[in-house]
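Here's my_file_35.cif, which has mmCIF, C-alpha atoms and all ligand atoms:
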data_run
#
loop_
_atom_site.group_PDB
_atom_site.id
_atom_site.type_symbol
_atom_site.label_atom_id
_atom_site.label_comp_id
_atom_site.auth_asym_id
_atom_site.auth_seq_id
_atom_site.Cartn_x
_atom_site.Cartn_y
_atom_site.Cartn_z
ATOM 1 C CA MET D 1 -2.792 -11.268 9.102
ATOM 2 C CA ILE D 2 -4.669 -14.360 7.960
ATOM 3 C CA PRO D 3 -7.779 -15.056 10.037
ATOM 4 C CA ASP D 4 -9.068 -18.528 10.867
ATOM 5 C CA PHE D 5 -12.629 -17.715 9.768
ATOM 6 C CA ILE D 6 -14.018 -15.372 7.118
ATOM 7 C CA TYR D 7 -17.341 -13.568 7.161
ATOM 8 C CA GLY D 8 -19.043 -13.657 3.762
ATOM 9 C CA THR D 9 -21.087 -10.581 2.871
ATOM 10 C CA ALA D 10 -22.890 -11.850 -0.250
ATOM 11 C CA TRP D 11 -26.669 -11.513 -0.707
ATOM 12 C CA LYS D 12 -27.205 -9.238 2.286
ATOM 13 C CA GLU D 13 -28.220 -6.121 0.384
ATOM 14 C CA ASP D 14 -29.485 -3.437 2.787
ATOM 15 C CA ALA D 15 -28.512 -5.553 5.796
ATOM 16 C CA THR D 16 -24.873 -5.742 4.656
ATOM 17 C CA GLU D 17 -23.638 -2.858 6.790
ATOM 18 C CA ARG D 18 -25.426 -3.957 9.972
ATOM 19 C CA LEU D 19 -24.421 -7.618 9.596
ATOM 20 C CA THR D 20 -20.798 -6.900 8.704
ATOM 21 C CA ARG D 21 -20.524 -4.630 11.742
ATOM 22 C CA LEU D 22 -22.161 -7.336 13.883
ATOM 23 C CA ALA D 23 -19.733 -9.941 12.549
ATOM 24 C CA ILE D 24 -16.758 -7.744 13.481
ATOM 25 C CA GLU D 25 -18.208 -7.060 16.931
ATOM 26 C CA THR D 26 -18.807 -10.777 17.425
ATOM 27 C CA GLY D 27 -15.172 -11.564 16.681
ATOM 28 C CA LEU D 28 -14.906 -12.358 12.980
ATOM 29 C CA ARG D 29 -11.695 -10.884 11.615
ATOM 30 C CA GLY D 30 -11.890 -11.741 7.912
ATOM 31 C CA ILE D 31 -14.366 -9.946 5.616
ATOM 32 C CA ASP D 32 -15.081 -11.279 2.125
ATOM 33 C CA THR D 33 -16.779 -9.143 -0.500
ATOM 34 C CA ALA D 34 -16.589 -8.470 -4.252
ATOM 35 C CA ASN D 35 -16.975 -5.487 -6.557
ATOM 36 C CA GLN D 36 -19.978 -7.241 -8.035
ATOM 37 C CA ARG D 37 -23.104 -5.326 -7.088
ATOM 38 C CA ARG D 38 -25.290 -8.148 -8.369
ATOM 39 C CA HIS D 39 -24.422 -10.305 -5.331
ATOM 40 C CA TYR D 40 -22.513 -8.010 -2.966
ATOM 41 C CA PHE D 41 -22.848 -4.499 -1.572
ATOM 42 C CA GLU D 42 -19.146 -3.722 -1.217
ATOM 43 C CA ALA D 43 -19.657 -0.078 -0.218
ATOM 44 C CA ALA D 44 -21.919 -1.149 2.660
ATOM 45 C CA ALA D 45 -19.296 -3.642 3.870
ATOM 46 C CA GLY D 46 -16.817 -0.751 3.689
ATOM 47 C CA ALA D 47 -19.121 1.483 5.736
ATOM 48 C CA ALA D 48 -19.294 -1.210 8.441
ATOM 49 C CA ILE D 49 -15.516 -1.596 8.489
ATOM 50 C CA ALA D 50 -15.003 2.164 8.677
ATOM 51 C CA SER D 51 -17.499 2.593 11.518
ATOM 52 C CA ALA D 52 -16.004 -0.334 13.468
ATOM 53 C CA ILE D 53 -12.557 1.213 13.136
ATOM 54 C CA ALA D 54 -13.769 4.753 13.937
ATOM 55 C CA SER D 55 -15.526 3.591 17.083
ATOM 56 C CA GLY D 56 -12.499 1.663 18.310
ATOM 57 C CA VAL D 57 -13.994 -1.839 17.978
ATOM 58 C CA ILE D 58 -11.018 -2.890 15.881
ATOM 59 C CA ARG D 59 -7.877 -1.570 14.212
ATOM 60 C CA ARG D 60 -7.419 -1.846 10.460
ATOM 61 C CA ASP D 61 -4.374 -4.072 10.933
ATOM 62 C CA GLU D 62 -6.485 -6.574 12.877
ATOM 63 C CA LEU D 63 -8.813 -7.048 9.923
ATOM 64 C CA PHE D 64 -8.333 -9.114 6.789
ATOM 65 C CA ILE D 65 -10.190 -7.525 3.878
ATOM 66 C CA GLN D 66 -10.735 -9.575 0.757
ATOM 67 C CA THR D 67 -12.461 -8.493 -2.422
ATOM 68 C CA LYS D 68 -12.627 -9.619 -6.046
ATOM 69 C CA PHE D 69 -12.413 -8.635 -9.682
ATOM 70 C CA THR D 70 -15.452 -10.007 -11.527
ATOM 71 C CA TYR D 71 -15.830 -10.362 -15.291
ATOM 72 C CA GLN D 72 -18.699 -8.572 -16.993
ATOM 73 C CA SER D 73 -20.417 -11.895 -17.763
ATOM 74 C CA SER D 74 -21.045 -12.331 -14.023
ATOM 75 C CA GLN D 75 -22.120 -8.745 -13.374
ATOM 76 C CA ASP D 76 -25.411 -6.947 -13.869
ATOM 77 C CA HIS D 77 -25.676 -3.406 -15.287
ATOM 78 C CA ARG D 78 -23.959 -1.901 -12.188
ATOM 79 C CA LEU D 79 -20.424 -2.308 -13.473
ATOM 80 C CA PRO D 80 -17.409 -1.039 -11.512
ATOM 81 C CA TYR D 81 -15.497 -0.385 -14.743
ATOM 82 C CA ASP D 82 -15.898 0.823 -18.290
ATOM 83 C CA PRO D 83 -17.014 -2.214 -20.334
ATOM 84 C CA ARG D 84 -15.194 -0.776 -23.375
ATOM 85 C CA ALA D 85 -11.861 -0.621 -21.556
ATOM 86 C CA ASP D 86 -9.407 -3.451 -22.100
ATOM 87 C CA PRO D 87 -9.291 -6.133 -19.374
ATOM 88 C CA PRO D 88 -6.167 -4.829 -17.554
ATOM 89 C CA ALA D 89 -7.728 -1.350 -17.393
ATOM 90 C CA GLN D 90 -10.948 -2.895 -16.053
ATOM 91 C CA VAL D 91 -8.947 -4.582 -13.291
ATOM 92 C CA GLN D 92 -7.371 -1.256 -12.330
ATOM 93 C CA GLN D 93 -10.742 0.550 -12.381
ATOM 94 C CA SER D 94 -12.471 -2.147 -10.364
ATOM 95 C CA PHE D 95 -9.638 -2.192 -7.825
ATOM 96 C CA ASP D 96 -9.670 1.615 -7.421
ATOM 97 C CA SER D 97 -13.421 1.506 -6.924
ATOM 98 C CA SER D 98 -12.972 -1.261 -4.297
ATOM 99 C CA LEU D 99 -10.483 0.892 -2.384
ATOM 100 C CA GLU D 100 -13.047 3.685 -2.385
ATOM 101 C CA HIS D 101 -15.919 1.404 -1.312
ATOM 102 C CA LEU D 102 -13.851 -0.196 1.408
ATOM 103 C CA ARG D 103 -12.332 3.120 2.531
ATOM 104 C CA THR D 104 -8.857 1.671 2.641
ATOM 105 C CA ASN D 105 -5.599 2.019 0.747
ATOM 106 C CA LEU D 106 -4.761 -1.663 1.077
ATOM 107 C CA ILE D 107 -6.550 -4.899 0.188
ATOM 108 C CA ASP D 108 -5.265 -7.923 2.104
ATOM 109 C CA SER D 109 -6.390 -10.407 -0.521
ATOM 110 C CA TYR D 110 -7.509 -9.691 -4.083
ATOM 111 C CA LEU D 111 -9.216 -12.544 -5.900
ATOM 112 C CA LEU D 112 -10.038 -13.221 -9.505
ATOM 113 C CA HIS D 113 -13.684 -14.168 -9.048
ATOM 114 C CA GLY D 114 -13.560 -17.016 -11.540
ATOM 115 C CA LEU D 115 -11.914 -17.646 -14.874
ATOM 116 C CA SER D 116 -13.496 -16.847 -18.218
ATOM 117 C CA THR D 117 -13.545 -20.499 -19.248
ATOM 118 C CA TYR D 118 -14.342 -23.889 -17.695
ATOM 119 C CA HIS D 119 -11.048 -25.526 -18.671
ATOM 120 C CA GLY D 120 -7.564 -24.116 -18.433
ATOM 121 C CA LEU D 121 -6.772 -20.411 -18.713
ATOM 122 C CA ALA D 122 -7.840 -18.227 -21.635
ATOM 123 C CA SER D 123 -5.605 -15.420 -22.847
ATOM 124 C CA VAL D 124 -7.889 -12.862 -21.164
ATOM 125 C CA ASP D 125 -7.387 -14.653 -17.830
ATOM 126 C CA LYS D 126 -3.643 -14.363 -18.289
ATOM 127 C CA GLU D 127 -3.902 -10.633 -19.072
ATOM 128 C CA VAL D 128 -6.084 -10.115 -16.020
ATOM 129 C CA TRP D 129 -3.719 -12.038 -13.769
ATOM 130 C CA ARG D 130 -0.800 -9.928 -14.985
ATOM 131 C CA ALA D 131 -2.806 -6.785 -14.156
ATOM 132 C CA MET D 132 -3.457 -8.195 -10.691
ATOM 133 C CA GLU D 133 0.276 -8.833 -10.329
ATOM 134 C CA GLU D 134 0.837 -5.140 -11.005
ATOM 135 C CA LEU D 135 -1.542 -4.259 -8.184
ATOM 136 C CA HIS D 136 0.470 -6.553 -5.963
ATOM 137 C CA ALA D 137 3.705 -4.892 -7.105
ATOM 138 C CA SER D 138 2.213 -1.479 -6.247
ATOM 139 C CA GLY D 139 1.884 -2.701 -2.651
ATOM 140 C CA LYS D 140 -1.888 -2.125 -2.615
ATOM 141 C CA ALA D 141 -2.900 -5.787 -2.910
ATOM 142 C CA LEU D 142 -0.956 -7.750 -0.343
ATOM 143 C CA ALA D 143 -1.891 -11.166 -1.694
ATOM 144 C CA LEU D 144 -3.627 -12.541 -4.777
ATOM 145 C CA GLY D 145 -5.991 -15.442 -5.187
ATOM 146 C CA ILE D 146 -8.618 -17.066 -7.333
ATOM 147 C CA SER D 147 -12.066 -18.488 -6.809
ATOM 148 C CA ASN D 148 -14.162 -21.178 -8.461
ATOM 149 C CA VAL D 149 -11.260 -23.114 -9.970
ATOM 150 C CA SER D 150 -10.756 -26.739 -10.910
ATOM 151 C CA LEU D 151 -7.529 -28.655 -10.349
ATOM 152 C CA ASP D 152 -6.294 -28.250 -13.938
ATOM 153 C CA GLN D 153 -6.903 -24.498 -13.758
ATOM 154 C CA ILE D 154 -5.094 -23.898 -10.498
ATOM 155 C CA GLU D 155 -2.198 -26.042 -11.745
ATOM 156 C CA GLU D 156 -1.981 -23.996 -14.939
ATOM 157 C CA LEU D 157 -2.263 -20.709 -13.073
ATOM 158 C CA TRP D 158 0.442 -21.828 -10.664
ATOM 159 C CA THR D 159 2.812 -22.398 -13.571
ATOM 160 C CA PHE D 160 1.881 -19.159 -15.353
ATOM 161 C CA ALA D 161 1.873 -16.833 -12.346
ATOM 162 C CA ARG D 162 4.875 -14.755 -11.368
ATOM 163 C CA VAL D 163 3.016 -13.764 -8.231
ATOM 164 C CA LYS D 164 1.603 -17.082 -7.106
ATOM 165 C CA PRO D 165 -1.929 -17.286 -5.742
ATOM 166 C CA SER D 166 -1.969 -17.271 -1.939
ATOM 167 C CA PHE D 167 -5.676 -18.190 -1.752
ATOM 168 C CA VAL D 168 -8.152 -20.436 -3.501
ATOM 169 C CA GLN D 169 -11.826 -19.899 -2.676
ATOM 170 C CA ASN D 170 -14.133 -22.695 -3.800
ATOM 171 C CA ARG D 171 -17.620 -24.040 -3.152
ATOM 172 C CA CYS D 172 -16.947 -27.140 -1.161
ATOM 173 C CA PHE D 173 -19.056 -30.194 -1.923
ATOM 174 C CA ALA D 174 -18.945 -33.294 0.267
ATOM 175 C CA ARG D 175 -19.499 -35.367 -2.876
ATOM 176 C CA THR D 176 -16.031 -34.426 -4.161
ATOM 177 C CA ARG D 177 -14.584 -35.380 -0.775
ATOM 178 C CA TRP D 178 -14.790 -31.710 0.054
ATOM 179 C CA ASP D 179 -12.811 -30.651 -3.029
ATOM 180 C CA SER D 180 -10.064 -33.048 -2.067
ATOM 181 C CA ASP D 181 -7.978 -32.732 -5.289
ATOM 182 C CA VAL D 182 -7.826 -28.942 -5.167
ATOM 183 C CA ARG D 183 -7.207 -28.961 -1.418
ATOM 184 C CA THR D 184 -4.339 -31.400 -1.803
ATOM 185 C CA PHE D 185 -2.728 -29.204 -4.465
ATOM 186 C CA CYS D 186 -3.191 -26.140 -2.257
ATOM 187 C CA ARG D 187 -1.642 -27.867 0.741
ATOM 188 C CA ARG D 188 1.411 -28.890 -1.302
ATOM 189 C CA GLN D 189 1.943 -25.374 -2.640
ATOM 190 C CA GLY D 190 1.206 -23.529 0.577
ATOM 191 C CA ILE D 191 -2.005 -21.956 -0.775
ATOM 192 C CA ALA D 192 -4.677 -21.289 1.851
ATOM 193 C CA TYR D 193 -7.913 -22.995 0.786
ATOM 194 C CA GLN D 194 -11.105 -21.074 1.564
ATOM 195 C CA GLY D 195 -14.258 -23.194 1.536
ATOM 196 C CA PHE D 196 -17.737 -21.741 1.097
ATOM 197 C CA SER D 197 -21.258 -23.199 1.020
ATOM 198 C CA LEU D 198 -20.034 -25.827 3.464
ATOM 199 C CA LEU D 199 -23.566 -26.062 4.891
ATOM 200 C CA THR D 200 -25.754 -25.101 1.963
ATOM 201 C CA ALA D 201 -24.049 -27.277 -0.696
ATOM 202 C CA ASN D 202 -24.211 -30.386 1.480
ATOM 203 C CA VAL D 203 -27.727 -30.481 2.907
ATOM 204 C CA LYS D 204 -28.347 -34.117 1.988
ATOM 205 C CA GLU D 205 -24.993 -35.385 3.286
ATOM 206 C CA LEU D 206 -25.492 -33.568 6.588
ATOM 207 C CA GLN D 207 -28.665 -35.564 7.164
ATOM 208 C CA ALA D 208 -26.837 -38.887 6.928
ATOM 209 C CA ALA D 209 -27.134 -41.063 10.028
ATOM 210 C CA ARG D 210 -23.336 -41.343 10.336
ATOM 211 C CA PHE D 211 -23.018 -37.569 10.446
ATOM 212 C CA ARG D 212 -25.916 -37.196 12.915
ATOM 213 C CA GLN D 213 -24.308 -39.762 15.218
ATOM 214 C CA ILE D 214 -21.134 -37.680 15.402
ATOM 215 C CA VAL D 215 -23.160 -34.523 16.092
ATOM 216 C CA THR D 216 -24.985 -36.229 18.972
ATOM 217 C CA ARG D 217 -21.853 -37.775 20.429
ATOM 218 C CA VAL D 218 -19.748 -34.598 20.438
ATOM 219 C CA GLY D 219 -22.649 -32.446 21.645
ATOM 220 C CA LYS D 220 -22.189 -29.687 19.049
ATOM 221 C CA THR D 221 -24.515 -28.311 16.377
ATOM 222 C CA PRO D 222 -24.311 -29.751 12.840
ATOM 223 C CA ALA D 223 -22.831 -26.440 11.646
ATOM 224 C CA GLN D 224 -20.149 -26.581 14.328
ATOM 225 C CA VAL D 225 -19.211 -30.117 13.360
ATOM 226 C CA VAL D 226 -18.896 -29.092 9.701
ATOM 227 C CA PHE D 227 -16.828 -26.012 10.506
ATOM 228 C CA GLY D 228 -14.745 -27.980 13.024
ATOM 229 C CA PHE D 229 -14.090 -30.576 10.332
ATOM 230 C CA ALA D 230 -13.177 -27.862 7.811
ATOM 231 C CA LEU D 231 -10.732 -26.214 10.208
ATOM 232 C CA GLN D 232 -9.092 -29.490 11.192
ATOM 233 C CA ALA D 233 -8.839 -30.451 7.519
ATOM 234 C CA GLY D 234 -6.818 -27.251 7.011
ATOM 235 C CA MET D 235 -9.479 -25.081 5.383
ATOM 236 C CA LEU D 236 -10.211 -21.455 6.030
ATOM 237 C CA PRO D 237 -14.025 -21.560 6.180
ATOM 238 C CA LEU D 238 -16.466 -18.830 5.202
ATOM 239 C CA THR D 239 -19.688 -18.241 7.035
ATOM 240 C CA GLY D 240 -22.337 -15.897 5.761
ATOM 241 C CA THR D 241 -24.779 -16.312 8.602
ATOM 242 C CA THR D 242 -27.193 -13.475 9.376
ATOM 243 C CA ASN D 243 -27.662 -14.582 12.970
ATOM 244 C CA MET D 244 -25.473 -13.489 15.887
ATOM 245 C CA ASN D 245 -25.859 -16.784 17.756
ATOM 246 C CA HIS D 246 -24.737 -18.634 14.650
ATOM 247 C CA MET D 247 -21.733 -16.308 14.361
ATOM 248 C CA ARG D 248 -20.781 -17.208 17.932
ATOM 249 C CA GLU D 249 -21.417 -20.900 17.354
ATOM 250 C CA ASP D 250 -19.314 -20.870 14.198
ATOM 251 C CA LEU D 251 -16.388 -19.204 15.973
ATOM 252 C CA GLU D 252 -16.646 -21.717 18.822
ATOM 253 C CA SER D 253 -16.025 -24.536 16.367
ATOM 254 C CA ARG D 254 -12.341 -23.519 16.587
ATOM 255 C CA HIS D 255 -12.237 -24.789 20.138
ATOM 256 C CA PHE D 256 -13.113 -28.458 19.945
ATOM 257 C CA THR D 257 -11.384 -31.408 18.367
ATOM 258 C CA LEU D 258 -12.879 -34.183 16.276
ATOM 259 C CA SER D 259 -11.154 -37.555 16.462
ATOM 260 C CA ALA D 260 -9.228 -38.899 13.468
ATOM 261 C CA GLY D 261 -12.008 -41.463 13.008
ATOM 262 C CA ASP D 262 -14.735 -38.794 12.933
ATOM 263 C CA LEU D 263 -12.718 -36.704 10.471
ATOM 264 C CA GLN D 264 -12.454 -39.698 8.186
ATOM 265 C CA VAL D 265 -16.190 -40.418 8.365
ATOM 266 C CA ILE D 266 -17.017 -36.814 7.480
ATOM 267 C CA GLU D 267 -14.408 -36.681 4.726
ATOM 268 C CA ASN D 268 -16.109 -39.691 3.107
ATOM 269 C CA ILE D 269 -19.696 -38.901 4.086
ATOM 270 C CA ALA D 270 -20.890 -38.883 0.460
ATOM 271 C CA ALA D 271 -19.189 -42.159 -0.468
HETATM 272 N N1 LIG D 301 -16.345 -16.895 -4.787
HETATM 273 C C1 LIG D 301 -17.609 -17.116 -5.051
HETATM 274 O O1 LIG D 301 -18.015 -17.245 -6.207
HETATM 275 C C2 LIG D 301 -18.591 -17.222 -3.916
HETATM 276 C C3 LIG D 301 -19.850 -17.782 -4.151
HETATM 277 C C4 LIG D 301 -20.733 -17.883 -3.092
HETATM 278 C C5 LIG D 301 -20.368 -17.426 -1.825
HETATM 279 N N2 LIG D 301 -19.148 -16.864 -1.624
HETATM 280 C C6 LIG D 301 -18.778 -16.309 -0.309
HETATM 281 O O2 LIG D 301 -19.072 -17.246 0.700
HETATM 282 C C7 LIG D 301 -19.891 -16.630 1.684
HETATM 283 C C8 LIG D 301 -20.729 -17.670 2.387
HETATM 284 O O3 LIG D 301 -21.683 -18.187 1.485
HETATM 285 P P1 LIG D 301 -22.310 -19.629 1.664
HETATM 286 O O4 LIG D 301 -22.710 -20.098 0.327
HETATM 287 O O5 LIG D 301 -21.364 -20.445 2.486
HETATM 288 O O6 LIG D 301 -23.650 -19.481 2.411
HETATM 289 P P2 LIG D 301 -24.148 -18.525 3.515
HETATM 290 O O7 LIG D 301 -24.556 -17.271 2.877
HETATM 291 O O8 LIG D 301 -23.153 -18.510 4.624
HETATM 292 O O9 LIG D 301 -25.445 -19.264 4.019
HETATM 293 C C9 LIG D 301 -25.411 -20.124 5.096
HETATM 294 C C10 LIG D 301 -26.854 -20.559 5.356
HETATM 295 O O10 LIG D 301 -26.798 -21.535 6.395
HETATM 296 C C11 LIG D 301 -27.615 -21.103 7.464
HETATM 297 N N3 LIG D 301 -27.069 -21.478 8.769
HETATM 298 C C12 LIG D 301 -27.699 -22.166 9.719
HETATM 299 N N4 LIG D 301 -26.941 -22.342 10.810
HETATM 300 C C13 LIG D 301 -25.780 -21.743 10.549
HETATM 301 C C14 LIG D 301 -24.614 -21.578 11.279
HETATM 302 N N5 LIG D 301 -24.439 -22.026 12.530
HETATM 303 N N6 LIG D 301 -23.610 -20.933 10.686
HETATM 304 C C15 LIG D 301 -23.723 -20.451 9.430
HETATM 305 N N7 LIG D 301 -24.849 -20.573 8.691
HETATM 306 C C16 LIG D 301 -25.867 -21.210 9.255
HETATM 307 C C17 LIG D 301 -27.674 -19.589 7.341
HETATM 308 O O11 LIG D 301 -28.826 -19.148 7.986
HETATM 309 P P3 LIG D 301 -28.723 -17.993 9.107
HETATM 310 O O12 LIG D 301 -28.428 -16.739 8.374
HETATM 311 O O13 LIG D 301 -30.076 -18.013 9.726
HETATM 312 O O14 LIG D 301 -27.636 -18.371 10.056
HETATM 313 C C18 LIG D 301 -27.707 -19.418 5.834
HETATM 314 O O15 LIG D 301 -29.016 -19.574 5.344
HETATM 315 C C19 LIG D 301 -20.663 -15.578 0.888
HETATM 316 O O16 LIG D 301 -21.225 -14.576 1.700
HETATM 317 C C20 LIG D 301 -19.583 -15.060 0.002
HETATM 318 O O17 LIG D 301 -18.780 -14.136 0.713
HETATM 319 C C21 LIG D 301 -18.251 -16.769 -2.640
#

Show me this structure written as structure tokens.
Amino acid sequence: MIPDFIYGTAWKEDATERLTRLAIETGLRGIDTANQRRHYFEAAAGAAIASAIASGVIRRDELFIQTKFTYQSSQDHRLPYDPRADPPAQVQQSFDSSLEHLRTNLIDSYLLHGLSTYHGLASVDKEVWRAMEELHASGKALALGISNVSLDQIEELWTFARVKPSFVQNRCFARTRWDSDVRTFCRRQGIAYQGFSLLTANVKELQAARFRQIVTRVGKTPAQVVFGFALQAGMLPLTGTTNMNHMREDLESRHFTLSAGDLQVIENIAA
């Protein structure tokens, strides 16, 4: 089950459980978290999922649960693994802890939360990917993916991987034509591209007169136009809103169509 929208649970701390439950009740079917306590409260997302399932709001097989393995350099002191263990053992420990937090025996999508280097793949990234492939082989991680990658990195990973990434999750800047190079590679290889910070990374561009004109003409909110654009461009967008009306609005962006001309204007809004 791949949803058409993903709810992002980062930075919600004590509100994580309430907001994740609200997102499920409002109709979001993808939940994104990470075993990185610094930015996410994975166990609280898991509590929300468990209570939604227990109260009959949703079945487990209707939900897409995604979490991540995060290197120590991006963690705080609350590590989900033994820092002295070797990287493959850390992957296994982090994954087991995610299963416990999320109260499930199956992760729909398991992401490497970012590589250890800015260019290419380091040997530790290769070791970690192989460990993730073992989780996939065990049947407990249905699909694998990677976040925060450049084109050269996803190309190299694609060549190296025996289990190919099914997902790329990247911050999506209008000034790179919405990550056009990576998206094009993903489209060619059949990787689903997940875009985040679609609103927050593009504040200036979304104030441009050409964008505002489209918003006025189609009679939608700026957020809906951005999410509508993302969906029509083939992305799987993330929303991390804390507001139920925004959750509804975001989901409604699946139900209107921007013209080819409007899509082109938005694609090039930073040009
Ligand atoms: N892989 C990574 O390294 C990485 C990094 C960052 C984020 N992520 C994932 O992406 C998710 C989303 O993060 P994000 O950076 O896109 O930002 P976000 O947390 O979704 O923030 C969106 C901001 O836009 C505002 N907003 C206003 N109208 C909105 C609307 N209609 N819909 C949605 N937001 C609206 C929200 O305010 P309101 O709350 O008032 O609506 C909020 O302040 C995270 O929770 C996380 O799961 C992944």

Go through chain D residue by residue and, counting all atoms listed in the file, keep those with an atom at most 8 Å from ligand LIG 301 (chain D); for each kept residue give the shortest atom pair and its distance in Å to one decimal, ordered by chain and increasing number, as CSV.
residue,atom,partner,partner_atom,distance
D:Tyr7,CA,D:LIG301,O17,6.6
D:Gly8,CA,D:LIG301,O17,3.1
D:Thr9,CA,D:LIG301,O16,4.2
D:Ala10,CA,D:LIG301,O16,3.7
D:Trp11,CA,D:LIG301,O16,6.7
D:Ile31,CA,D:LIG301,O17,7.8
D:Asp32,CA,D:LIG301,O17,4.9
D:Thr33,CA,D:LIG301,O17,5.5
D:Ala34,CA,D:LIG301,O17,7.8
D:His113,CA,D:LIG301,N1,5.7
D:Gly114,CA,D:LIG301,O1,7.0
D:Ser147,CA,D:LIG301,N1,5.0
D:Asn148,CA,D:LIG301,O1,5.9
D:Gln169,CA,D:LIG301,N1,5.8
D:Asn170,CA,D:LIG301,N1,6.3
D:Arg171,CA,D:LIG301,C3,6.7
D:Gly195,CA,D:LIG301,O5,7.7
D:Phe196,CA,D:LIG301,O5,4.1
D:Ser197,CA,D:LIG301,O5,3.1
D:Leu198,CA,D:LIG301,O5,5.6
D:Leu199,CA,D:LIG301,O10,5.8
D:Thr200,CA,D:LIG301,C10,5.8
D:Ala201,CA,D:LIG301,O4,7.4
D:Thr221,CA,D:LIG301,N5,7.4
D:Pro222,CA,D:LIG301,N5,7.7
D:Ala223,CA,D:LIG301,N5,4.8
D:Gln224,CA,D:LIG301,N5,6.5
D:Leu238,CA,D:LIG301,C8,5.2
D:Thr239,CA,D:LIG301,O8,4.2
D:Gly240,CA,D:LIG301,O8,3.0
D:Thr241,CA,D:LIG301,O12,3.7
D:Thr242,CA,D:LIG301,O12,3.6
D:Asn243,CA,D:LIG301,O14,4.8
D:Met244,CA,D:LIG301,O14,7.9
D:Asn245,CA,D:LIG301,N5,7.5
D:His246,CA,D:LIG301,N5,4.0
D:Met247,CA,D:LIG301,N6,6.2
D:Glu249,CA,D:LIG301,N5,5.8
D:Asp250,CA,D:LIG301,N5,5.5

Can you list what the PyMOL selection byres (((chain D and resi 177-190) around 12) and not hetatm) grabs from this structure, as an NGL selection string? :D and (145-156 or 158-159 or 164-176 or 191-199 or 201-202 or 205 or 226 or 229-230 or 233-237 or 263-271)

Write out, as a tab-separated table (two decimals), keeping the file's coordinate frame, the residues just selected, with C-alpha atoms.
chain	number	residue	atom	x	y	z
D	145	GLY	CA	-5.99	-15.44	-5.19
D	146	ILE	CA	-8.62	-17.07	-7.33
D	147	SER	CA	-12.07	-18.49	-6.81
D	148	ASN	CA	-14.16	-21.18	-8.46
D	149	VAL	CA	-11.26	-23.11	-9.97
D	150	SER	CA	-10.76	-26.74	-10.91
D	151	LEU	CA	-7.53	-28.66	-10.35
D	152	ASP	CA	-6.29	-28.25	-13.94
D	153	GLN	CA	-6.90	-24.50	-13.76
D	154	ILE	CA	-5.09	-23.90	-10.50
D	155	GLU	CA	-2.20	-26.04	-11.74
D	156	GLU	CA	-1.98	-24.00	-14.94
D	158	TRP	CA	0.44	-21.83	-10.66
D	159	THR	CA	2.81	-22.40	-13.57
D	164	LYS	CA	1.60	-17.08	-7.11
D	165	PRO	CA	-1.93	-17.29	-5.74
D	166	SER	CA	-1.97	-17.27	-1.94
D	167	PHE	CA	-5.68	-18.19	-1.75
D	168	VAL	CA	-8.15	-20.44	-3.50
D	169	GLN	CA	-11.83	-19.90	-2.68
D	170	ASN	CA	-14.13	-22.70	-3.80
D	171	ARG	CA	-17.62	-24.04	-3.15
D	172	CYS	CA	-16.95	-27.14	-1.16
D	173	PHE	CA	-19.06	-30.19	-1.92
D	174	ALA	CA	-18.94	-33.29	0.27
D	175	ARG	CA	-19.50	-35.37	-2.88
D	176	THR	CA	-16.03	-34.43	-4.16
D	191	ILE	CA	-2.00	-21.96	-0.78
D	192	ALA	CA	-4.68	-21.29	1.85
D	193	TYR	CA	-7.91	-23.00	0.79
D	194	GLN	CA	-11.10	-21.07	1.56
D	195	GLY	CA	-14.26	-23.19	1.54
D	196	PHE	CA	-17.74	-21.74	1.10
D	197	SER	CA	-21.26	-23.20	1.02
D	198	LEU	CA	-20.03	-25.83	3.46
D	199	LEU	CA	-23.57	-26.06	4.89
D	201	ALA	CA	-24.05	-27.28	-0.70
D	202	ASN	CA	-24.21	-30.39	1.48
D	205	GLU	CA	-24.99	-35.38	3.29
D	226	VAL	CA	-18.90	-29.09	9.70
D	229	PHE	CA	-14.09	-30.58	10.33
D	230	ALA	CA	-13.18	-27.86	7.81
D	233	ALA	CA	-8.84	-30.45	7.52
D	234	GLY	CA	-6.82	-27.25	7.01
D	235	MET	CA	-9.48	-25.08	5.38
D	236	LEU	CA	-10.21	-21.46	6.03
D	237	PRO	CA	-14.02	-21.56	6.18
D	263	LEU	CA	-12.72	-36.70	10.47
D	264	GLN	CA	-12.45	-39.70	8.19
D	265	VAL	CA	-16.19	-40.42	8.36
D	266	ILE	CA	-17.02	-36.81	7.48
D	267	GLU	CA	-14.41	-36.68	4.73
D	268	ASN	CA	-16.11	-39.69	3.11
D	269	ILE	CA	-19.70	-38.90	4.09
D	270	ALA	CA	-20.89	-38.88	0.46
D	271	ALA	CA	-19.19	-42.16	-0.47

Nearest residue to Leu106 in chain D from the set D:Phe64, D:Phe160, D:Tyr118, D:Phe69 (distances using only C-alpha atoms):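 Checking each candidate against Leu106 in chain D, we get D:Phe64 as the closest.
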
Excluding Glu127 in chain D and its own-chain neighbours fewer than 5 positions away, which residues fall within 10 Å of it when counting only C-alpha atoms? Please give them as number ranges by chain. D: 86-88, 91, 122, 132-133

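Using all atoms listed in the file, the shortest contact distance between Ile53 in chain D and any of D:Ile24, D:Val225, D:Ala85, D:Leu112 is found at D:Ile24.
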
Please evaluate the PyMOL selection byres (((chain D and resi 26) around 10) and not hetatm) against the structure above and give the resulting residues as a list of chain:residue names.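 Those residues are D:Thr20, D:Arg21, D:Leu22, D:Ala23, D:Ile24, D:Glu25, D:Gly27, D:Leu28, D:Arg29, D:Met244, D:Asn245, D:Met247, D:Arg248, D:Leu251.
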
Check which residues satisfy the PyMOL selection byres (((chain D and resi 43-46) around 7) and not hetatm) in the file shown, then give them as a list in words.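 When the PyMOL selection byres (((chain D and resi 43-46) around 7) and not hetatm) is applied to the shown file, the picked residues are Thr16, Glu17, Thr20, Phe41, Glu42, Ala47, Ala48, Ile49, Ala50, His101, Leu102 and Arg103 of chain D.
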